[in-house]
file target20.pdb (PDB, C-alpha atoms)
ATOM      1  CA  MET A 220     142.577  86.371  98.220
ATOM      2  CA  GLU A 221     142.730  85.555  94.514
ATOM      3  CA  ASN A 222     146.225  84.061  94.694
ATOM      4  CA  ILE A 223     145.447  80.337  94.774
ATOM      5  CA  THR A 224     147.834  77.525  93.864
ATOM      6  CA  ASP A 225     148.006  73.722  93.799
ATOM      7  CA  VAL A 226     144.281  73.389  92.998
ATOM      8  CA  HIS A 227     143.077  69.806  92.552
ATOM      9  CA  ILE A 228     139.935  67.777  93.151
ATOM     10  CA  THR A 229     139.352  64.694  95.283
ATOM     11  CA  SER A 230     136.205  62.748  96.098
ATOM     12  CA  LEU A 231     134.288  63.865  99.186
ATOM     13  CA  LYS A 232     134.538  61.135 101.794
ATOM     14  CA  GLN A 233     133.596  62.932 105.007
ATOM     15  CA  SER A 234     132.586  66.454 105.917
ATOM     16  CA  LYS A 235     131.518  68.222 109.107
ATOM     17  CA  TYR A 236     129.327  70.547 107.035
ATOM     18  CA  LEU A 237     127.639  68.272 104.464
ATOM     19  CA  THR A 238     126.095  64.811 104.332
ATOM     20  CA  ALA A 239     125.264  63.227 100.970
ATOM     21  CA  HIS A 240     122.203  61.011 100.525
ATOM     22  CA  SER A 241     120.240  59.226  97.823
ATOM     23  CA  LEU A 242     116.542  59.684  98.565
ATOM     24  CA  HIS A 243     114.340  56.880  97.208
ATOM     25  CA  TYR A 244     110.587  57.458  96.877
ATOM     26  CA  VAL A 245     107.463  56.697  94.862
ATOM     27  CA  GLN A 246     105.631  59.566  93.191
ATOM     28  CA  SER A 247     102.430  58.932  91.232
ATOM     29  CA  GLU A 248     103.248  55.220  91.241
ATOM     30  CA  LYS A 249     106.703  55.814  89.740
ATOM     31  CA  LYS A 250     109.875  54.916  91.616
ATOM     32  CA  LYS A 251     112.366  57.748  91.774
ATOM     33  CA  VAL A 252     115.795  58.447  93.225
ATOM     34  CA  CYS A 253     117.182  61.901  93.993
ATOM     35  CA  ASP A 254     120.683  62.740  95.191
ATOM     36  CA  CYS A 255     120.551  65.273  98.036
ATOM     37  CA  VAL A 256     122.908  66.973 100.442
ATOM     38  CA  THR A 257     121.927  68.049 103.953
ATOM     39  CA  GLU A 258     123.615  71.091 105.416
ATOM     40  CA  HIS A 259     123.111  73.640 108.166
ATOM     41  CA  SER A 260     120.632  76.429 107.697
ATOM     42  CA  ASP A 261     122.137  79.912 107.794
ATOM     43  CA  VAL A 262     121.492  83.566 108.450
ATOM     44  CA  SER A 263     122.333  86.414 106.075
ATOM     45  CA  ILE A 264     122.378  90.079 106.982
ATOM     46  CA  LEU A 265     122.005  93.122 104.751
ATOM     47  CA  LEU A 266     123.969  95.942 106.375
ATOM     48  CA  PHE A 267     123.506  99.612 105.556
ATOM     49  CA  ASN A 268     125.771 102.231 107.121
ATOM     50  CA  SER A 269     123.657 105.374 107.446
ATOM     51  CA  SER A 270     126.644 107.510 108.479
ATOM     52  CA  ARG A 271     127.943 107.425 104.911
ATOM     53  CA  ASN A 272     125.045 105.829 102.996
ATOM     54  CA  VAL A 273     126.968 102.727 101.983
ATOM     55  CA  PHE A 274     126.162  99.050 102.029
ATOM     56  CA  ILE A 275     128.504  96.686 103.859
ATOM     57  CA  PHE A 276     129.167  93.470 101.951
ATOM     58  CA  VAL A 277     131.808  90.780 102.194
ATOM     59  CA  LYS A 278     134.166  89.583  99.490
ATOM     60  CA  GLN A 279     135.624  86.081  99.615
ATOM     61  CA  PHE A 280     136.850  83.158  97.570
ATOM     62  CA  ARG A 281     134.250  80.406  97.142
ATOM     63  CA  PRO A 282     135.658  77.071  95.915
ATOM     64  CA  ALA A 283     132.283  75.875  94.593
ATOM     65  CA  VAL A 284     131.922  78.991  92.437
ATOM     66  CA  TYR A 285     135.497  78.588  91.249
ATOM     67  CA  LEU A 286     134.877  74.943  90.365
ATOM     68  CA  TYR A 287     131.748  75.829  88.387
ATOM     69  CA  ASN A 288     133.441  78.660  86.496
ATOM     70  CA  SER A 289     136.408  76.400  85.740
ATOM     71  CA  SER A 290     134.309  73.412  84.658
ATOM     72  CA  THR A 291     135.215  73.794  80.991
ATOM     73  CA  GLU A 292     138.403  71.991  81.933
ATOM     74  CA  VAL A 293     137.489  68.397  82.798
ATOM     75  CA  LEU A 294     139.641  67.207  85.660
ATOM     76  CA  GLY A 295     140.515  63.784  86.930
ATOM     77  CA  GLU A 296     141.197  62.785  90.526
ATOM     78  CA  ASN A 297     144.078  64.877  91.945
ATOM     79  CA  GLU A 298     144.764  66.502  88.577
ATOM     80  CA  VAL A 299     146.147  70.000  89.124
ATOM     81  CA  VAL A 300     144.127  72.919  87.728
ATOM     82  CA  ASN A 301     145.912  75.352  85.446
ATOM     83  CA  THR A 302     145.449  78.544  87.487
ATOM     84  CA  LEU A 303     146.907  80.686  84.715
ATOM     85  CA  ARG A 304     143.959  79.639  82.568
ATOM     86  CA  HIS A 305     141.564  79.603  85.517
ATOM     87  CA  PRO A 306     142.645  82.355  87.950
ATOM     88  CA  GLY A 307     141.333  82.595  91.487
ATOM     89  CA  SER A 308     139.216  85.624  90.563
ATOM     90  CA  LEU A 309     136.717  83.196  88.990
ATOM     91  CA  GLY A 310     135.739  82.132  92.499
ATOM     92  CA  VAL A 311     135.581  85.528  94.211
ATOM     93  CA  THR A 312     132.100  86.602  95.282
ATOM     94  CA  ILE A 313     130.346  89.645  96.712
ATOM     95  CA  GLU A 314     127.936  88.478  99.414
ATOM     96  CA  LEU A 315     125.848  89.453 102.366
ATOM     97  CA  CYS A 316     127.415  88.924 105.758
ATOM     98  CA  ALA A 317     126.292  85.398 106.677
ATOM     99  CA  GLY A 318     126.904  82.414 108.903
ATOM    100  CA  LEU A 319     125.782  78.886 109.665
ATOM    101  CA  VAL A 320     123.109  78.112 112.223
ATOM    102  CA  ASP A 321     125.255  75.533 113.993
ATOM    103  CA  ARG A 322     124.287  76.193 117.616
ATOM    104  CA  ASP A 323     121.083  76.374 119.630
ATOM    105  CA  GLU A 324     120.715  80.136 119.931
ATOM    106  CA  PRO A 325     118.169  82.682 118.669
ATOM    107  CA  LEU A 326     118.770  83.431 115.004
ATOM    108  CA  ALA A 327     119.123  87.143 115.713
ATOM    109  CA  ASP A 328     121.941  86.445 118.192
ATOM    110  CA  ILE A 329     123.762  84.290 115.625
ATOM    111  CA  ALA A 330     123.313  87.056 113.053
ATOM    112  CA  ARG A 331     124.713  89.711 115.407
ATOM    113  CA  ALA A 332     127.750  87.530 116.117
ATOM    114  CA  GLU A 333     128.398  87.070 112.391
ATOM    115  CA  VAL A 334     128.207  90.811 111.757
ATOM    116  CA  LEU A 335     130.810  91.383 114.459
ATOM    117  CA  GLU A 336     133.130  88.606 113.234
ATOM    118  CA  GLU A 337     132.942  89.363 109.525
ATOM    119  CA  CYS A 338     132.314  93.102 109.334
ATOM    120  CA  GLY A 339     133.389  94.471 112.711
ATOM    121  CA  TYR A 340     130.106  96.153 113.690
ATOM    122  CA  LEU A 341     128.532  95.684 117.120
ATOM    123  CA  VAL A 342     124.813  95.671 116.364
ATOM    124  CA  PRO A 343     122.649  96.470 119.413
ATOM    125  CA  GLU A 344     120.249  93.814 120.616
ATOM    126  CA  GLY A 345     116.773  94.145 119.170
ATOM    127  CA  SER A 346     117.875  96.279 116.209
ATOM    128  CA  LEU A 347     117.877  93.514 113.601
ATOM    129  CA  ARG A 348     114.848  93.402 111.345
ATOM    130  CA  LYS A 349     113.819  90.107 109.784
ATOM    131  CA  ILE A 350     113.182  90.367 106.046
ATOM    132  CA  THR A 351     112.063  86.797 105.319
ATOM    133  CA  SER A 352     113.120  83.158 105.280
ATOM    134  CA  CYS A 353     113.541  81.166 102.086
ATOM    135  CA  ARG A 354     115.043  77.954 100.755
ATOM    136  CA  ASN A 355     118.561  77.748  99.420
ATOM    137  CA  GLY A 356     119.428  75.178  96.754
ATOM    138  CA  SER A 357     115.990  73.547  96.754
ATOM    139  CA  SER A 358     117.075  70.969  94.194
ATOM    140  CA  ILE A 359     119.959  69.619  96.251
ATOM    141  CA  THR A 360     120.039  70.927  99.864
ATOM    142  CA  GLY A 361     116.716  72.539 100.714
ATOM    143  CA  ALA A 362     118.398  74.447 103.553
ATOM    144  CA  LEU A 363     116.647  77.407 105.153
ATOM    145  CA  VAL A 364     118.109  80.900 104.883
ATOM    146  CA  THR A 365     116.828  83.649 107.177
ATOM    147  CA  LEU A 366     117.458  87.186 105.953
ATOM    148  CA  PHE A 367     117.917  90.109 108.332
ATOM    149  CA  TYR A 368     118.460  93.828 107.869
ATOM    150  CA  ALA A 369     120.474  96.105 110.148
ATOM    151  CA  GLN A 370     121.159  99.803 109.859
ATOM    152  CA  VAL A 371     124.529 100.625 111.385
ATOM    153  CA  THR A 372     126.663 103.701 111.914
ATOM    154  CA  ASP A 373     130.377 104.410 112.037
ATOM    155  CA  GLU A 374     130.114 104.560 115.852
ATOM    156  CA  MET A 375     129.140 100.860 115.885
ATOM    157  CA  LYS A 376     132.387  99.866 114.149
ATOM    158  CA  VAL A 377     134.555  98.203 116.816
ATOM    159  CA  SER A 378     136.952  96.077 114.749
ATOM    160  CA  GLN A 379     138.170  95.434 111.212
ATOM    161  CA  GLY A 380     136.166  92.228 110.864
ATOM    162  CA  GLY A 381     137.476  89.756 108.328
ATOM    163  CA  GLY A 382     136.201  86.543 109.924
ATOM    164  CA  LEU A 383     137.840  84.121 112.326
ATOM    165  CA  GLU A 384     141.441  83.306 111.458
ATOM    166  CA  GLU A 385     141.301  80.084 113.483
ATOM    167  CA  GLU A 386     138.526  78.856 111.184
ATOM    168  CA  GLY A 387     140.536  79.696 108.076
ATOM    169  CA  GLU A 388     138.266  82.561 107.046
ATOM    170  CA  LEU A 389     139.699  85.144 104.672
ATOM    171  CA  ILE A 390     137.057  87.830 104.256
ATOM    172  CA  GLU A 391     137.367  91.353 102.892
ATOM    173  CA  VAL A 392     134.816  93.955 103.956
ATOM    174  CA  VAL A 393     133.467  95.871 100.953
ATOM    175  CA  GLU A 394     131.561  99.155 101.041
ATOM    176  CA  LEU A 395     129.353 100.091  98.093
ATOM    177  CA  PRO A 396     127.480 103.383  97.641
ATOM    178  CA  VAL A 397     123.782 103.149  96.944
ATOM    179  CA  GLY A 398     124.099 103.678  93.205
ATOM    180  CA  GLN A 399     126.708 100.923  92.810
ATOM    181  CA  ALA A 400     124.644  98.537  94.926
ATOM    182  CA  LEU A 401     121.637  99.184  92.712
ATOM    183  CA  ASP A 402     123.757  98.384  89.646
ATOM    184  CA  LEU A 403     124.986  95.212  91.354
ATOM    185  CA  ILE A 404     121.513  93.671  91.156
ATOM    186  CA  TYR A 405     121.860  93.262  87.389
ATOM    187  CA  ASP A 406     125.640  93.083  87.035
ATOM    188  CA  GLU A 407     126.146  89.509  85.797
ATOM    189  CA  SER A 408     129.916  89.970  85.678
ATOM    190  CA  VAL A 409     129.967  89.741  89.496
ATOM    191  CA  ASN A 410     129.490  86.448  91.340
ATOM    192  CA  ARG A 411     126.622  87.110  93.772
ATOM    193  CA  GLU A 412     123.915  85.016  95.400
ATOM    194  CA  ALA A 413     120.162  85.233  94.949
ATOM    195  CA  THR A 414     119.716  86.178  98.610
ATOM    196  CA  LEU A 415     121.788  89.321  98.077
ATOM    197  CA  LEU A 416     119.617  90.283  95.123
ATOM    198  CA  LEU A 417     116.441  89.632  97.105
ATOM    199  CA  ALA A 418     117.683  91.666 100.055
ATOM    200  CA  LEU A 419     118.634  94.618  97.846
ATOM    201  CA  GLN A 420     115.309  94.555  96.036
ATOM    202  CA  TRP A 421     113.579  94.590  99.428
ATOM    203  CA  PHE A 422     115.739  97.494 100.621
ATOM    204  CA  PHE A 423     115.011  99.655  97.592
ATOM    205  CA  SER A 424     111.305  98.909  97.926
ATOM    206  CA  GLU A 425     110.834  99.180 101.693
ATOM    207  CA  ILE A 426     113.709 101.173 103.204
ATOM    208  CA  TRP A 427     115.187 103.487 100.604
ATOM    209  CA  PRO A 428     112.055 105.591  99.950
ATOM    210  CA  VAL A 429     111.855 106.372 103.682
ATOM    211  CA  LEU A 430     115.568 107.187 103.959
ATOM    212  CA  LYS A 431     115.401 109.544 100.996
ATOM    213  CA  LYS A 432     112.649 111.521 102.699
ATOM    214  CA  THR A 433     114.388 111.757 106.068
ATOM    215  CA  ASN A 434     118.028 112.197 104.940
ATOM    216  CA  ILE A 435     119.048 115.833 104.706
ATOM    217  CA  SER A 436     122.589 115.354 103.427
ATOM    218  CA  GLY A 437     121.535 116.044  99.855
ATOM    219  CA  ASN A 438     123.989 113.460  98.508
ATOM    220  CA  LEU A 439     122.471 110.005  98.989
ATOM    221  CA  LEU A 440     124.089 108.323  96.020
TER     222      LEU A 440
END
call {"tool": "encode", "arguments": {"input": "target20.pdb", "output": "structure tokens"}}
result
Amino acid sequence: MENITDVHITSLKQSKYLTAHSLHYVQSEKKKVCDCVTEHSDVSILLFNSSRNVFIFVKQFRPAVYLYNSSTEVLGENEVVNTLRHPGSLGVTIELCAGLVDRDEPLADIARAEVLEECGYLVPEGSLRKITSCRNGSSITGALVTLFYAQVTDEMKVSQGGGLEEEGELIEVVELPVGQALDLIYDESVNREATLLLALQWFFSEIWPVLKKTNISGNLL
């Protein structure tokens, strides 16, 4: 995953995921221009495996994160990045299972499909719990993210996950015990998104106190 080579930058001319715009408007009698990008909304799912009290996250390489973390080296068009100085690990993230809302289906159905593709769990219909919806990248995209929660068990694991190979996805399923997930909220050495932090904060506020009372294993962490 972290072994990347021949890294270079070109100008974005066309994309099936993004469309760039310059939005012109008048605000309080002042003319303004703002550069924006439209993109699909998405769903993100916080998964907790109650069989072993571990969270199920995904690990993957994100080019945008890599570009940001490598930005100390100013690059020209098609100039090759020195990957010895800027290794691929700079772009590796820990994330919630997630996917684009790119078809006209109920959000819960899209979320269930993403869980199966990325993490290998078959979540029963009606078992997803909506946490909330919020905006992602309000200064540039304004896209809507809908957060779900699902409690799964080892019996629901039907495949290894890892994403769709035909779409070029390279995803590693990561399991974190409760204590490590709690530490992850404030671990700035790890690339993670705000939605993951929000979902974990919600879990430890709304779900974890109930699980601690009902779990009889005696070893929750």
call {"tool": "atom_distance", "arguments": {"input": "target20.pdb", "atom1": "CA of Lys431 (chain A)", "atom2": "CA of Asn268 (chain A)"}}
result
14.1 Å
call {"tool": "residues_around", "arguments": {"input": "target20.pdb", "residues": "Leu315 (chain A)", "least_positions_apart": "4", "cutoff": "10 Å", "atoms": "only C-alpha atoms", "output": "PyMOL selection string"}}
result
chain A and resi 262-266+274-278+334+366-367+411-412+414-416+418-419
call {"tool": "closest_residue", "arguments": {"input": "target20.pdb", "among": "A:Ile359, A:Cys338, A:Val397, A:Val409", "to": "Val377 (chain A)", "atoms": "all atoms listed in the file"}}
result
A:Cys338
call {"tool": "resolve_selection", "arguments": {"input": "target20.pdb", "expression": "the PyMOL selection byres ((chain A and resi 347-357) around 7)", "output": "PyMOL selection string"}}
result
chain A and resi 327+345-346+358-369
call {"tool": "resolve_selection", "arguments": {"input": "target20.pdb", "expression": "the PyMOL selection byres ((chain A and resi 256) around 9)", "output": "PyMOL selection string"}}
result
chain A and resi 237-241+254-255+257-258+359-361
call {"tool": "resolve_selection", "arguments": {"input": "target20.pdb", "expression": "the PyMOL selection byres ((chain A and resi 308) around 9)", "output": "VMD selection string"}}
result
chain A and resid 220 to 222 280 285 305 to 307 309 to 312
call {"tool": "atom_distance", "arguments": {"input": "target20.pdb", "atom1": "CA of Glu324 (chain A)", "atom2": "CA of Gln279 (chain A)"}}
result
25.9 Å
call {"tool": "atom_distance", "arguments": {"input": "target20.pdb", "atom1": "CA of Glu394 (chain A)", "atom2": "CA of Tyr236 (chain A)"}}
result
29.3 Å
call {"tool": "residues_around", "arguments": {"input": "target20.pdb", "residues": "Met375 (chain A)", "least_positions_apart": "3", "cutoff": "10 Å", "atoms": "only C-alpha atoms", "output": "MDAnalysis selection string"}}
result
chainID A and resid 268 335 339:343 371:372 378
call {"tool": "closest_residue", "arguments": {"input": "target20.pdb", "among": "A:Leu319, A:Ile329, A:Cys253, A:Val273", "to": "Pro396 (chain A)", "atoms": "only C-alpha atoms"}}
result
A:Val273
call {"tool": "closest_residue", "arguments": {"input": "target20.pdb", "among": "A:Val320, A:Ile390, A:Ile228, A:Ala413", "to": "Ser290 (chain A)", "atoms": "only C-alpha atoms"}}
result
A:Ile228
call {"tool": "axis_aligned_box", "arguments": {"input": "target20.pdb", "around": "region 387-403 of chain A", "padding_each_side": "3 Å", "output": "AutoDock Vina command-line options"}}
result
--center_x 131.1 --center_y 91.7 --center_z 98.9 --size_x 24.9 --size_y 30.0 --size_z 24.4
call {"tool": "closest_residue", "arguments": {"input": "target20.pdb", "among": "A:Asp261, A:Ile223, A:Leu242, A:Val300", "to": "Glu333 (chain A)", "atoms": "all atoms listed in the file"}}
result
A:Asp261
